[in-house]
Each structure stands twice: as structure tokens, then as C-alpha cells.
>>> print(open('entry-v2.tsv').read())   # TSV, C-alpha atoms
chain	number	residue	atom	x	y	z
T	1	MET	CA	-14.71	25.22	0.83
T	2	SER	CA	-11.75	23.92	-1.21
T	3	GLU	CA	-12.02	20.69	-3.17
T	4	LEU	CA	-9.46	19.05	-0.87
T	5	SER	CA	-11.24	20.02	2.36
T	6	GLN	CA	-14.14	17.78	1.34
T	7	TYR	CA	-11.84	14.81	1.97
T	8	ASP	CA	-11.17	15.67	5.60
T	9	TYR	CA	-12.68	14.00	8.66
T	10	GLU	CA	-12.06	13.81	12.39
T	11	LEU	CA	-10.83	10.50	13.82
T	12	PRO	CA	-10.35	9.80	17.55
T	13	ARG	CA	-6.70	8.85	18.03
T	14	GLY	CA	-7.73	5.75	19.97
T	15	LEU	CA	-9.15	4.22	16.78
T	16	ILE	CA	-5.75	4.12	15.03
T	17	ALA	CA	-4.66	0.48	15.28
T	18	GLN	CA	-1.18	0.16	16.80
T	19	PHE	CA	-0.89	-3.63	16.50
T	20	PRO	CA	-2.59	-6.21	14.29
T	21	LEU	CA	-5.16	-8.61	15.68
T	22	ALA	CA	-3.90	-12.00	16.87
T	23	LYS	CA	-5.86	-13.60	14.02
T	24	ARG	CA	-5.86	-11.70	10.73
T	25	VAL	CA	-9.29	-13.00	9.69
T	26	ASP	CA	-10.95	-11.64	12.84
T	27	ALA	CA	-10.79	-8.10	11.47
T	28	ARG	CA	-14.21	-6.50	11.11
T	29	LEU	CA	-15.59	-5.99	7.61
T	30	LEU	CA	-17.99	-3.17	6.78
T	31	VAL	CA	-19.88	-4.32	3.67
T	32	VAL	CA	-21.02	-1.39	1.53
T	33	ASP	CA	-23.68	-2.31	-1.03
T	34	ARG	CA	-23.93	0.35	-3.73
T	35	ALA	CA	-27.04	-1.14	-5.34
T	36	SER	CA	-29.13	-1.03	-2.14
T	37	GLN	CA	-27.19	1.86	-0.53
T	38	THR	CA	-26.88	-0.22	2.65
T	39	LEU	CA	-24.16	-0.95	5.19
T	40	SER	CA	-23.75	-4.25	7.06
T	41	HIS	CA	-21.27	-5.51	9.61
T	42	ARG	CA	-19.34	-8.74	9.02
T	43	HIS	CA	-15.84	-10.10	9.55
T	44	VAL	CA	-13.08	-10.87	7.06
T	45	ARG	CA	-13.54	-14.56	7.84
T	46	ASP	CA	-17.03	-14.27	6.25
T	47	LEU	CA	-15.60	-13.54	2.79
T	48	PRO	CA	-16.23	-17.08	1.48
T	49	GLU	CA	-19.96	-16.45	2.13
T	50	VAL	CA	-19.97	-12.91	0.73
T	51	LEU	CA	-18.11	-13.72	-2.50
T	52	ARG	CA	-19.83	-15.74	-5.23
T	53	PRO	CA	-18.70	-18.67	-7.38
T	54	GLY	CA	-17.32	-17.25	-10.60
T	55	ASP	CA	-15.90	-14.11	-8.97
T	56	ALA	CA	-12.21	-13.25	-9.30
T	57	LEU	CA	-10.24	-12.04	-6.27
T	58	VAL	CA	-7.23	-9.96	-7.37
T	59	LEU	CA	-4.22	-9.79	-5.00
T	60	ASN	CA	-1.04	-7.68	-5.08
T	61	ASP	CA	1.93	-10.01	-4.54
T	62	THR	CA	4.50	-7.28	-3.88
T	63	LYS	CA	6.81	-7.86	-0.90
T	64	VAL	CA	7.70	-5.14	1.60
T	65	VAL	CA	11.45	-4.69	2.00
T	66	PRO	CA	12.98	-3.56	5.34
T	67	ALA	CA	13.41	-0.10	3.89
T	68	ARG	CA	13.81	2.04	7.03
T	69	LEU	CA	17.46	2.90	7.60
T	70	VAL	CA	18.96	4.23	10.84
T	71	GLY	CA	22.49	5.48	11.36
T	72	HIS	CA	24.69	8.52	11.80
T	73	ARG	CA	26.77	10.90	9.72
T	74	THR	CA	30.20	9.28	9.69
T	75	GLN	CA	32.20	12.45	10.32
T	76	THR	CA	30.04	14.27	12.85
T	77	GLY	CA	28.12	11.43	14.51
T	78	GLY	CA	24.86	13.31	14.00
T	79	ARG	CA	21.75	11.12	13.87
T	80	TRP	CA	20.54	10.18	10.39
T	81	GLU	CA	17.44	8.37	9.16
T	82	GLY	CA	16.58	7.25	5.69
T	83	LEU	CA	14.11	5.27	3.64
T	84	PHE	CA	15.30	3.05	0.80
T	85	LEU	CA	13.25	3.82	-2.32
T	86	GLU	CA	14.84	1.74	-5.06
T	87	ALA	CA	18.07	0.25	-6.37
T	88	GLY	CA	19.36	1.46	-9.71
T	89	GLU	CA	22.29	0.79	-12.00
T	90	LYS	CA	25.94	0.63	-10.88
T	91	ARG	CA	24.89	-0.39	-7.33
T	92	LEU	CA	23.38	3.06	-6.72
T	93	TRP	CA	20.37	3.44	-4.41
T	94	ARG	CA	17.79	6.19	-4.10
T	95	VAL	CA	16.95	7.00	-0.48
T	96	MET	CA	14.94	9.66	1.29
T	97	ALA	CA	17.11	11.16	4.01
T	98	LYS	CA	16.39	13.08	7.21
T	99	THR	CA	18.98	14.69	9.51
T	100	ARG	CA	19.82	17.94	11.22
T	101	GLY	CA	22.16	20.20	9.33
T	102	LYS	CA	22.92	20.15	5.62
T	103	LEU	CA	24.07	17.01	3.87
T	104	VAL	CA	26.65	17.48	1.12
T	105	PRO	CA	27.70	15.23	-1.76
T	106	GLY	CA	30.78	13.19	-0.93
T	107	GLU	CA	30.10	12.68	2.77
T	108	SER	CA	29.09	9.29	4.12
T	109	VAL	CA	26.53	7.84	6.49
T	110	THR	CA	27.18	4.80	8.69
T	111	LEU	CA	24.18	2.51	9.06
T	112	VAL	CA	23.42	0.75	12.33
T	113	ASN	CA	21.99	-2.74	11.93
T	114	ALA	CA	19.16	-4.37	13.89
T	115	GLN	CA	21.63	-5.56	16.54
T	116	GLY	CA	22.73	-1.98	17.16
T	117	ARG	CA	26.17	-2.42	15.56
T	118	GLU	CA	27.76	-0.15	12.99
T	119	ASP	CA	27.50	-1.74	9.57
T	120	VAL	CA	27.71	-0.64	5.94
T	121	ARG	CA	28.41	2.94	4.88
T	122	LEU	CA	26.50	4.91	2.27
T	123	ARG	CA	28.37	7.56	0.28
T	124	LEU	CA	26.14	10.47	-0.76
T	125	VAL	CA	26.53	10.94	-4.51
T	126	SER	CA	23.94	13.52	-5.56
T	127	ARG	CA	20.84	15.28	-4.30
T	128	GLU	CA	17.38	15.08	-5.90
T	129	PRO	CA	14.20	17.04	-5.08
T	130	GLU	CA	12.08	16.37	-1.98
T	131	GLY	CA	14.87	15.11	0.28
T	132	VAL	CA	15.92	12.23	-1.97
T	133	TRP	CA	19.58	11.28	-2.38
T	134	VAL	CA	21.43	8.96	-4.73
T	135	VAL	CA	23.84	6.95	-2.57
T	136	LEU	CA	26.45	4.22	-3.08
T	137	PRO	CA	26.78	1.46	-0.42
T	138	ASP	CA	30.34	0.34	0.29
T	139	SER	CA	29.22	-3.26	-0.22
T	140	SER	CA	28.74	-5.43	-3.30
T	141	GLU	CA	25.92	-7.39	-1.64
T	142	GLU	CA	22.62	-7.73	-3.47
T	143	PRO	CA	20.43	-4.77	-2.34
T	144	PHE	CA	17.55	-6.74	-0.80
T	145	ALA	CA	19.94	-9.10	1.03
T	146	LEU	CA	21.76	-6.10	2.46
T	147	LEU	CA	18.48	-4.50	3.53
T	148	GLU	CA	17.46	-7.68	5.37
T	149	ARG	CA	20.48	-7.13	7.61
T	150	VAL	CA	20.58	-3.37	8.05
T	151	GLY	CA	16.97	-2.34	7.42
T	152	ARG	CA	13.91	-2.11	9.59
T	153	VAL	CA	10.22	-2.58	8.76
T	154	PRO	CA	9.01	0.75	7.30
T	155	LEU	CA	5.98	1.24	9.52
T	156	PRO	CA	4.02	4.45	8.95
T	157	PRO	CA	4.56	7.11	11.63
T	158	TYR	CA	1.03	6.75	13.07
T	159	ILE	CA	1.94	3.20	14.22
T	160	ARG	CA	4.20	3.48	17.28
T	161	LYS	CA	5.98	6.47	15.69
T	162	GLY	CA	7.40	4.08	13.09
T	163	GLU	CA	9.29	1.95	15.63
T	164	MET	CA	9.04	-1.74	14.74
T	165	VAL	CA	8.99	-4.77	16.99
T	166	ASP	CA	10.28	-8.14	15.76
T	167	ALA	CA	6.75	-9.40	15.04
T	168	ASP	CA	6.23	-6.66	12.44
T	169	ARG	CA	8.57	-8.49	10.05
T	170	GLN	CA	5.76	-11.03	9.62
T	171	THR	CA	2.62	-9.08	10.43
T	172	TYR	CA	3.41	-6.14	8.10
T	173	GLN	CA	3.64	-8.56	5.17
T	174	THR	CA	0.93	-10.37	3.25
T	175	VAL	CA	1.04	-14.17	3.31
T	176	PHE	CA	1.19	-14.16	-0.51
T	177	ALA	CA	4.06	-11.64	-0.83
T	178	GLU	CA	6.56	-12.79	-3.48
T	179	LYS	CA	8.23	-9.96	-5.36
T	180	PRO	CA	10.35	-7.60	-3.22
T	181	GLY	CA	10.15	-3.88	-3.93
T	182	ALA	CA	7.47	-2.19	-1.80
T	183	VAL	CA	8.28	0.35	0.91
T	184	ALA	CA	4.78	0.04	2.40
T	185	ALA	CA	2.39	-2.88	2.67
T	186	PRO	CA	-0.67	-3.26	0.44
T	187	THR	CA	-2.66	-3.24	3.66
T	188	ALA	CA	-5.97	-4.70	2.46
T	189	GLY	CA	-4.04	-7.89	1.75
T	190	LEU	CA	-2.85	-8.19	5.36
T	191	HIS	CA	-6.21	-9.72	6.38
T	192	PHE	CA	-5.76	-12.96	4.44
T	193	THR	CA	-4.39	-16.28	5.68
T	194	PRO	CA	-3.55	-19.36	3.58
T	195	ARG	CA	-6.61	-21.09	5.07
T	196	LEU	CA	-8.95	-18.24	4.12
T	197	LEU	CA	-7.61	-18.19	0.57
T	198	GLU	CA	-8.19	-21.96	0.35
T	199	GLN	CA	-11.79	-21.49	1.53
T	200	ILE	CA	-12.36	-18.72	-1.00
T	201	GLU	CA	-10.93	-20.83	-3.83
T	202	ALA	CA	-13.05	-23.81	-2.76
T	203	ARG	CA	-16.07	-21.53	-3.10
T	204	GLY	CA	-15.32	-21.28	-6.81
T	205	VAL	CA	-13.59	-17.90	-6.74
T	206	ALA	CA	-10.53	-17.47	-8.96
T	207	ILE	CA	-7.45	-16.14	-7.14
T	208	CYS	CA	-5.52	-13.80	-9.46
T	209	ARG	CA	-2.28	-11.94	-8.86
T	210	LEU	CA	-0.63	-8.78	-10.09
T	211	THR	CA	2.22	-6.66	-8.77
T	212	LEU	CA	2.48	-3.02	-7.76
T	213	HIS	CA	5.49	-1.97	-5.69
T	214	VAL	CA	3.94	0.46	-3.24
T	215	GLY	CA	5.93	3.69	-2.98
T	216	LEU	CA	5.82	6.72	-0.73
T	217	GLY	CA	3.68	8.76	-3.09
T	218	THR	CA	0.63	6.58	-2.46
T	219	PHE	CA	0.40	7.72	1.15
T	220	ARG	CA	1.54	11.32	0.91
T	221	PRO	CA	-1.14	13.86	1.80
T	222	ILE	CA	-2.50	15.96	-1.02
T	223	GLU	CA	-1.30	19.54	-0.58
T	224	ALA	CA	-2.88	21.23	-3.61
T	225	ASP	CA	-6.39	22.60	-3.02
T	226	ALA	CA	-7.52	21.33	-6.43
T	227	LEU	CA	-7.18	17.58	-6.96
T	228	ALA	CA	-6.19	18.06	-10.60
T	229	GLU	CA	-3.04	19.89	-9.43
T	230	HIS	CA	-1.74	16.91	-7.44
T	231	ALA	CA	1.00	14.92	-9.18
T	232	MET	CA	1.20	11.22	-8.29
T	233	HIS	CA	4.59	9.56	-7.91
T	234	ALA	CA	4.92	6.69	-10.39
T	235	GLU	CA	5.01	3.13	-9.06
T	236	TRP	CA	6.13	0.04	-10.97
T	237	ALA	CA	3.38	-2.43	-11.86
T	238	CYS	CA	2.95	-5.70	-13.73
T	239	LEU	CA	-0.23	-7.35	-14.97
T	240	THR	CA	0.47	-10.52	-16.95
T	241	ARG	CA	-1.38	-11.99	-19.91
T	242	GLU	CA	-2.31	-15.01	-17.77
T	243	THR	CA	-4.00	-12.81	-15.14
T	244	VAL	CA	-5.75	-10.75	-17.83
T	245	ASP	CA	-7.15	-13.92	-19.42
T	246	ARG	CA	-8.48	-15.18	-16.09
T	247	ILE	CA	-10.12	-11.84	-15.29
T	248	VAL	CA	-11.69	-11.60	-18.74
T	249	ALA	CA	-13.03	-15.17	-18.41
T	250	CYS	CA	-14.53	-14.26	-15.02
T	251	ARG	CA	-16.26	-11.21	-16.47
T	252	GLU	CA	-17.57	-13.12	-19.48
T	253	GLY	CA	-19.02	-15.74	-17.11
T	254	GLY	CA	-20.94	-13.11	-15.15
T	255	GLY	CA	-18.52	-12.98	-12.21
T	256	ARG	CA	-17.29	-9.90	-10.38
T	257	VAL	CA	-13.70	-8.68	-10.33
T	258	VAL	CA	-12.91	-7.97	-6.67
T	259	ALA	CA	-9.77	-5.86	-6.27
T	260	VAL	CA	-7.98	-6.31	-2.95
T	261	GLY	CA	-6.72	-2.84	-2.16
T	262	SER	CA	-6.24	0.47	-3.92
T	263	THR	CA	-2.99	-0.81	-5.44
T	264	CYS	CA	-4.81	-3.56	-7.35
T	265	ILE	CA	-7.53	-1.28	-8.61
T	266	ARG	CA	-4.97	1.24	-9.87
T	267	VAL	CA	-3.12	-1.43	-11.85
T	268	LEU	CA	-6.34	-2.84	-13.30
T	269	GLU	CA	-7.67	0.56	-14.30
T	270	THR	CA	-4.29	1.62	-15.72
T	271	ALA	CA	-4.33	-1.51	-17.89
T	272	ALA	CA	-7.87	-0.71	-19.07
T	273	LEU	CA	-7.43	2.98	-19.86
T	274	GLY	CA	-7.44	2.24	-23.58
T	275	GLY	CA	-10.62	0.15	-23.44
T	276	PRO	CA	-10.45	-3.65	-22.96
T	277	LEU	CA	-8.12	-4.93	-20.24
T	278	GLN	CA	-4.60	-5.54	-21.56
T	279	PRO	CA	-1.35	-6.83	-20.04
T	280	PHE	CA	0.72	-3.99	-18.56
T	281	THR	CA	4.29	-3.66	-17.30
T	282	GLY	CA	5.87	-0.36	-16.32
T	283	PRO	CA	5.28	2.71	-14.17
T	284	THR	CA	1.80	3.99	-13.39
T	285	ASP	CA	0.98	7.41	-11.98
T	286	LEU	CA	-2.78	7.06	-12.33
T	287	PHE	CA	-4.66	9.26	-9.85
T	288	ILE	CA	-8.25	8.03	-9.63
T	289	ARG	CA	-10.48	10.99	-8.82
T	290	PRO	CA	-13.92	12.24	-9.90
T	291	PRO	CA	-15.09	11.89	-12.58
T	292	PHE	CA	-13.47	8.52	-13.35
T	293	GLU	CA	-15.00	5.71	-15.38
T	294	PHE	CA	-14.11	2.33	-13.88
T	295	ARG	CA	-13.68	-0.33	-16.56
T	296	ALA	CA	-11.92	-3.26	-14.88
T	297	ALA	CA	-12.99	-3.63	-11.24
T	298	ASP	CA	-16.48	-4.42	-9.93
T	299	ALA	CA	-15.79	-4.51	-6.18
T	300	LEU	CA	-13.09	-3.27	-3.82
T	301	LEU	CA	-11.79	-4.60	-0.51
T	302	THR	CA	-9.90	-1.82	1.26
T	303	ASN	CA	-8.81	-0.59	4.67
T	304	PHE	CA	-9.84	2.78	6.10
T	305	HIS	CA	-7.61	5.61	4.89
T	306	LEU	CA	-6.16	8.85	6.19
T	307	PRO	CA	-7.87	12.16	5.43
T	308	ARG	CA	-6.70	14.23	2.46
T	309	THR	CA	-4.98	11.30	0.71
T	310	THR	CA	-5.24	9.96	-2.82
T	311	LEU	CA	-6.41	6.67	-1.28
T	312	LEU	CA	-9.48	8.25	0.30
T	313	VAL	CA	-10.25	10.08	-2.95
T	314	LEU	CA	-10.04	6.77	-4.85
T	315	VAL	CA	-12.38	4.96	-2.45
T	316	ARG	CA	-14.98	7.73	-2.48
T	317	THR	CA	-14.80	7.88	-6.28
T	318	PHE	CA	-15.37	4.12	-6.53
T	319	GLY	CA	-18.01	3.73	-3.84
T	320	GLY	CA	-19.95	6.93	-4.33
T	321	ASP	CA	-19.17	10.04	-2.32
T	322	ALA	CA	-22.21	10.23	-0.07
T	323	LEU	CA	-22.31	6.48	0.63
T	324	ILE	CA	-18.62	6.24	1.60
T	325	ARG	CA	-18.92	9.33	3.80
T	326	ARG	CA	-21.77	7.54	5.57
T	327	ALA	CA	-19.68	4.37	5.82
T	328	TYR	CA	-16.80	6.24	7.48
T	329	ASP	CA	-19.19	7.89	9.94
T	330	GLU	CA	-20.60	4.46	10.76
T	331	ALA	CA	-17.15	2.92	11.18
T	332	ILE	CA	-16.13	5.67	13.61
T	333	ARG	CA	-19.40	5.34	15.54
T	334	GLU	CA	-18.96	1.56	15.77
T	335	GLU	CA	-15.29	2.00	16.76
T	336	TYR	CA	-13.72	0.15	13.88
T	337	ARG	CA	-9.91	0.01	13.91
T	338	PHE	CA	-8.37	2.36	11.33
T	339	TYR	CA	-5.42	2.43	8.93
T	340	SER	CA	-2.70	-0.13	8.15
T	341	TYR	CA	-3.29	-2.62	10.99
T	342	GLY	CA	-7.01	-1.84	11.14
T	343	ASP	CA	-10.30	-3.29	9.91
T	344	ALA	CA	-11.60	-3.41	6.35
T	345	MET	CA	-14.43	-2.34	4.06
T	346	LEU	CA	-15.85	-4.26	1.11
T	347	ILE	CA	-17.56	-2.12	-1.53
T	348	LEU	CA	-19.88	-4.16	-3.73
>>> encode(input="entry-v2.tsv", output="C-alpha cells")
Amino acid sequence: MSELSQYDYELPRGLIAQFPLAKRVDARLLVVDRASQTLSHRHVRDLPEVLRPGDALVLNDTKVVPARLVGHRTQTGGRWEGLFLEAGEKRLWRVMAKTRGKLVPGESVTLVNAQGREDVRLRLVSREPEGVWVVLPDSSEEPFALLERVGRVPLPPYIRKGEMVDADRQTYQTVFAEKPGAVAAPTAGLHFTPRLLEQIEARGVAICRLTLHVGLGTFRPIEADALAEHAMHAEWACLTRETVDRIVACREGGGRVVAVGSTCIRVLETAALGGPLQPFTGPTDLFIRPPFEFRAADALLTNFHLPRTTLLVLVRTFGGDALIRRAYDEAIREEYRFYSYGDAMLIL
């Protein structure tokens, strides 16, 4: 058995959530207690009871941009799809492109906006590995403003084959999203409402924020049989001195650092690789896999993840392999809702 095959599991298709719940806080919460090796069933709305005064809840305040692009090759009319990855210097974008036939530098793509009308054109400048192109929009608009008009919510393909409805513009975004740059939602954060955060803060829990702009690499399946051979795509992160000071104060007071999502735990552990937690700004390509020594996070709130992904490897490394396997079996047996719009797990 290869190392990767140990991170496979069978999931009935009916358990893949296609829409969010009407109320975010009604999502089920599987509480995994590492000390007692027990599992218990709660709801996200119970978090103010589960968390303790003095704990710190760490949120990722990245904002998902409408990164999915739809259009056609200007000359031939052939269908074209793309995913905005980032904006660079001289108005250049990096996009992942998909079309029939062979794209060539110099040709252009005409984007179709949400109203179905032809809009801005992208000129293909140069090709990069893995289907990525550097392109130049024929518009001087600010990139995120332009994307608001021509882009669509970048839903993963297992949700309605990636086709958004208008409601996704709100539901595939955390209520605390501030800094645009993600091409996928930090999904553990989708469960929170302003009211729930108020209740958690009133409990005496510190609400802390950091930023990691979620990129495609986070969700890509691992293809190498040995985990050590998998290369993570770097994602931009920021952990400020203010947040570090609050987390350190929490720890010194005996509180737990509760990371909301794999993105938060990767930033925290990146910032603690040298020992004590330090402010951090820049790219991180940290792949958390066994054996990894966690220095910064004491608990993890996370959704259920796809097989053979770095996310599942991270969660099993943090929670303990046998215990998290048992938790996934239990979640499937109890028909929890899986993946981005699904239920959650809290590992204590």
C-alpha cells in the first residue's frame, strides 16, 4: 500500500453538500477530544459553550474574489474558461485557462459578463507550466473591480459542477472577509455569523485575525505516492505583531489557540517554525504531514475534506491518524454533510 493510498476513503455522493444551510450556525459539529479519544455530536451554535474563557479563536479574513472567468476565443469563437490567480505588475494577470485546441501567445479571449454580454478582452502574453497564462486585460480598471463585473464565484467542481447561483456571492464568503485575494473560501469560517462571534467574545474568548489568500494548490489532489514528493503551491499570508501578542497572551494565561480552518493553522505554524511565534508576511508553502511538531495551535475547527488532499493529511496529522479515521467513519455513518458547504469538526 502506498503512503498516499492511506488517505483515501469512500464517500456516498449524496453526502456532498450542494447548498449551504439556511442558517450557518445550524451546521453539525463533530467534537473530537484527543485527550479522552472520544467523539461527540454538537452544532456550530454550541461553540460558546464548548470554548473556554481565555481561549483565542483565530480567523482568516481573506476575501474570495469572483475569479471564475467565462468567454470565448475572439477569433474562432471557441468556448474558453479561466480562473484568475493573481494580478501582477504592469496590469498583467495570471490565469489558469481551459479550452479546446492550442492557445498561442498574441491571441485574445473575450470575456462574457454575468449578464451574458461580451465584455473585456484578455490578450495572451506568455504561457507558464500547468495551464497557466500571463494575460493583459484591455482595461485600466482596478483588477478586483473588473472581476466583480466579469467574474463568477469560483465554486469547486463538486458543487453543482462549479455553476454559481446569485446567492453564492454571499454564502461562499465569510462574514468577516476583508482582504480580497482568495480564489477559494476558507470554508471552516463559513459557519460563523456576527451574532455567534459576539456570543463567543462575550464568553471571554479573544477573536484574532490573520490572512492567507487561498490558492488552487491547497485543494489539488496529491499525485505523488510519497507525501514528501508533493510540492505545495505558495500562498501569501500575513500575521501581524498585534495578533501575535494576543495569541501569546492567551497561551501565557492558560488559554487554547483555536485555529479556524487549515489556512489559519498553516499560517500559525509557518510563523512558529523557528521556535516562538513571530509576525510573518510573505509566501508560505508549508505542507503539514507526519511527523510534524505543532507549536502554535492547540485546537482546530475544520470542515470535512476530500480524499488524497493536503488538507486531509494536515487534519490527520493534527488530530491523530486513528482517531480522525474513526471520526470520518462516524461522520459518514451519521450522514454529516461534506466539503465546502458541509458540516464541521472541532479537534480539541
>>> atom_distance(input="entry-v2.tsv", atom1="atom CA of Gly319 of chain T", atom2="atom CA of Asp8 of chain T")
16.7 Å
>>> atom_distance(input="entry-v2.tsv", atom1="atom CA of Val214 of chain T", atom2="atom CA of Val257 of chain T")
21.1 Å
>>> residues_around(input="entry-v2.tsv", residues="Thr263 of chain T", least_positions_apart="4", cutoff="9 Å", atoms="only C-alpha atoms", output="NGL selection string")
:T and (60 or 186 or 211-214 or 218 or 259 or 267-268)
>>> residues_around(input="entry-v2.tsv", residues="Gly106 of chain T", least_positions_apart="4", cutoff="8 Å", atoms="all atoms listed in the file", output="PyMOL selection string")
chain T and resi 123-125
>>> closest_residue(input="entry-v2.tsv", among="T:Ser40, T:Ser108, T:Thr243, T:Thr171", to="Ser126 of chain T", atoms="all atoms listed in the file")
T:Ser108
>>> residues_around(input="entry-v2.tsv", residues="Arg127 of chain T", least_positions_apart="4", cutoff="9 Å", atoms="all atoms listed in the file", output="ChimeraX atom specification")
/T:103-105,131-134
>>> write_last_selection(input="entry-v2.tsv", atoms="C-alpha atoms", output="PDB file, in the frame of the given file")
ATOM      1  CA  LEU T 103      24.070  17.010   3.870  1.00  0.00           C
ATOM      2  CA  VAL T 104      26.650  17.480   1.120  1.00  0.00           C
ATOM      3  CA  PRO T 105      27.700  15.230  -1.760  1.00  0.00           C
ATOM      4  CA  GLY T 131      14.870  15.110   0.280  1.00  0.00           C
ATOM      5  CA  VAL T 132      15.920  12.230  -1.970  1.00  0.00           C
ATOM      6  CA  TRP T 133      19.580  11.280  -2.380  1.00  0.00           C
ATOM      7  CA  VAL T 134      21.430   8.960  -4.730  1.00  0.00           C
TER       8      VAL T 134
END
>>> residues_around(input="entry-v2.tsv", residues="Glu89 of chain T", least_positions_apart="2", cutoff="12 Å", atoms="all atoms listed in the file", output="CSV table (one decimal) with C-alpha atoms, keeping the file's coordinate frame")
chain,number,residue,atom,x,y,z
T,86,GLU,CA,14.8,1.7,-5.1
T,87,ALA,CA,18.1,0.2,-6.4
T,91,ARG,CA,24.9,-0.4,-7.3
T,92,LEU,CA,23.4,3.1,-6.7
T,93,TRP,CA,20.4,3.4,-4.4
T,94,ARG,CA,17.8,6.2,-4.1
T,134,VAL,CA,21.4,9.0,-4.7
T,135,VAL,CA,23.8,7.0,-2.6
T,136,LEU,CA,26.4,4.2,-3.1
T,143,PRO,CA,20.4,-4.8,-2.3
>>> residues_around(input="entry-v2.tsv", residues="Val65 of chain T", least_positions_apart="5", cutoff="10 Å", atoms="all atoms listed in the file", output="VMD selection string")
chain T and resid 84 to 85 143 to 145 147 to 148 151 to 154 169 173 179 to 185
>>> closest_residue(input="entry-v2.tsv", among="T:Thr99, T:Ser340, T:Ser139, T:Gln18", to="Gly261 of chain T", atoms="only C-alpha atoms")
T:Ser340
>>> atom_distance(input="entry-v2.tsv", atom1="atom CA of Thr110 of chain T", atom2="atom CA of Trp80 of chain T")
8.7 Å
>>> closest_residue(input="entry-v2.tsv", among="T:Leu47, T:Val58, T:Gly320, T:Lys63", to="Val244 of chain T", atoms="only C-alpha atoms")
T:Val58
>>> closest_residue(input="entry-v2.tsv", among="T:Leu239, T:Leu277, T:Ala228, T:Val175", to="Pro290 of chain T", atoms="all atoms listed in the file")
T:Ala228
>>> closest_residue(input="entry-v2.tsv", among="T:Leu69, T:Cys238, T:Ile222, T:Leu111", to="Pro307 of chain T", atoms="all atoms listed in the file")
T:Ile222
>>> closest_residue(input="entry-v2.tsv", among="T:Ala322, T:Asp138, T:Arg45, T:Glu223", to="Glu198 of chain T", atoms="only C-alpha atoms")
T:Arg45
>>> decode(input="entry-v2.tsv", residues="segment 102-166 of chain T", atoms="C-alpha atoms", output="PDB file, in the first residue's frame")
ATOM      1  CA  LYS T 102      -3.998  25.097 -28.618  1.00  0.00           C
ATOM      2  CA  LEU T 103      -3.789  28.639 -27.326  1.00  0.00           C
ATOM      3  CA  VAL T 104      -0.953  30.756 -28.704  1.00  0.00           C
ATOM      4  CA  PRO T 105       0.658  33.951 -27.423  1.00  0.00           C
ATOM      5  CA  GLY T 106      -0.795  37.045 -29.061  1.00  0.00           C
ATOM      6  CA  GLU T 107      -4.363  35.805 -29.471  1.00  0.00           C
ATOM      7  CA  SER T 108      -7.166  37.204 -27.348  1.00  0.00           C
ATOM      8  CA  VAL T 109     -10.101  35.935 -25.340  1.00  0.00           C
ATOM      9  CA  THR T 110     -13.391  37.822 -24.988  1.00  0.00           C
ATOM     10  CA  LEU T 111     -14.961  37.532 -21.548  1.00  0.00           C
ATOM     11  CA  VAL T 112     -18.711  37.284 -21.092  1.00  0.00           C
ATOM     12  CA  ASN T 113     -20.038  39.070 -18.013  1.00  0.00           C
ATOM     13  CA  ALA T 114     -22.710  37.890 -15.574  1.00  0.00           C
ATOM     14  CA  GLN T 115     -25.433  39.410 -17.760  1.00  0.00           C
ATOM     15  CA  GLY T 116     -24.289  37.285 -20.696  1.00  0.00           C
ATOM     16  CA  ARG T 117     -22.833  40.214 -22.662  1.00  0.00           C
ATOM     17  CA  GLU T 118     -19.417  40.379 -24.267  1.00  0.00           C
ATOM     18  CA  ASP T 119     -17.108  42.464 -22.115  1.00  0.00           C
ATOM     19  CA  VAL T 120     -13.370  42.967 -21.672  1.00  0.00           C
ATOM     20  CA  ARG T 121     -10.761  41.147 -23.742  1.00  0.00           C
ATOM     21  CA  LEU T 122      -7.676  39.396 -22.419  1.00  0.00           C
ATOM     22  CA  ARG T 123      -4.582  39.253 -24.623  1.00  0.00           C
ATOM     23  CA  LEU T 124      -2.494  36.122 -24.045  1.00  0.00           C
ATOM     24  CA  VAL T 125       1.081  37.226 -23.375  1.00  0.00           C
ATOM     25  CA  SER T 126       3.011  34.121 -22.332  1.00  0.00           C
ATOM     26  CA  ARG T 127       2.473  30.546 -21.214  1.00  0.00           C
ATOM     27  CA  GLU T 128       3.571  29.096 -17.856  1.00  0.00           C
ATOM     28  CA  PRO T 129       3.512  25.473 -16.639  1.00  0.00           C
ATOM     29  CA  GLU T 130       0.306  23.667 -15.619  1.00  0.00           C
ATOM     30  CA  GLY T 131      -2.079  25.552 -17.902  1.00  0.00           C
ATOM     31  CA  VAL T 132      -1.314  28.999 -16.502  1.00  0.00           C
ATOM     32  CA  TRP T 133      -1.126  32.053 -18.761  1.00  0.00           C
ATOM     33  CA  VAL T 134       0.041  35.620 -18.250  1.00  0.00           C
ATOM     34  CA  VAL T 135      -2.630  37.847 -19.802  1.00  0.00           C
ATOM     35  CA  LEU T 136      -3.239  41.586 -20.281  1.00  0.00           C
ATOM     36  CA  PRO T 137      -6.826  42.927 -19.963  1.00  0.00           C
ATOM     37  CA  ASP T 138      -7.725  45.684 -22.418  1.00  0.00           C
ATOM     38  CA  SER T 139      -8.974  47.770 -19.500  1.00  0.00           C
ATOM     39  CA  SER T 140      -7.254  50.037 -16.989  1.00  0.00           C
ATOM     40  CA  GLU T 141      -9.806  49.201 -14.274  1.00  0.00           C
ATOM     41  CA  GLU T 142      -8.557  48.022 -10.900  1.00  0.00           C
ATOM     42  CA  PRO T 143      -8.376  44.178 -11.086  1.00  0.00           C
ATOM     43  CA  PHE T 144     -10.831  43.357  -8.289  1.00  0.00           C
ATOM     44  CA  ALA T 145     -13.360  45.936  -9.540  1.00  0.00           C
ATOM     45  CA  LEU T 146     -13.155  44.411 -13.001  1.00  0.00           C
ATOM     46  CA  LEU T 147     -13.597  40.901 -11.595  1.00  0.00           C
ATOM     47  CA  GLU T 148     -16.745  41.991  -9.730  1.00  0.00           C
ATOM     48  CA  ARG T 149     -18.290  42.716 -13.132  1.00  0.00           C
ATOM     49  CA  VAL T 150     -16.966  39.910 -15.311  1.00  0.00           C
ATOM     50  CA  GLY T 151     -16.183  37.169 -12.795  1.00  0.00           C
ATOM     51  CA  ARG T 152     -18.216  34.431 -11.202  1.00  0.00           C
ATOM     52  CA  VAL T 153     -17.946  32.789  -7.783  1.00  0.00           C
ATOM     53  CA  PRO T 154     -15.220  30.108  -8.082  1.00  0.00           C
ATOM     54  CA  LEU T 155     -17.178  27.186  -6.669  1.00  0.00           C
ATOM     55  CA  PRO T 156     -15.348  23.852  -6.606  1.00  0.00           C
ATOM     56  CA  PRO T 157     -16.495  21.395  -9.295  1.00  0.00           C
ATOM     57  CA  TYR T 158     -18.180  19.044  -6.787  1.00  0.00           C
ATOM     58  CA  ILE T 159     -20.743  21.797  -6.035  1.00  0.00           C
ATOM     59  CA  ARG T 160     -23.185  21.988  -8.952  1.00  0.00           C
ATOM     60  CA  LYS T 161     -20.292  21.422 -11.401  1.00  0.00           C
ATOM     61  CA  GLY T 162     -18.971  24.853 -10.437  1.00  0.00           C
ATOM     62  CA  GLU T 163     -22.064  26.732 -11.640  1.00  0.00           C
ATOM     63  CA  MET T 164     -22.962  29.533  -9.236  1.00  0.00           C
ATOM     64  CA  VAL T 165     -26.335  30.977  -8.338  1.00  0.00           C
ATOM     65  CA  ASP T 166     -26.678  34.599  -7.203  1.00  0.00           C
TER      66      ASP T 166
END
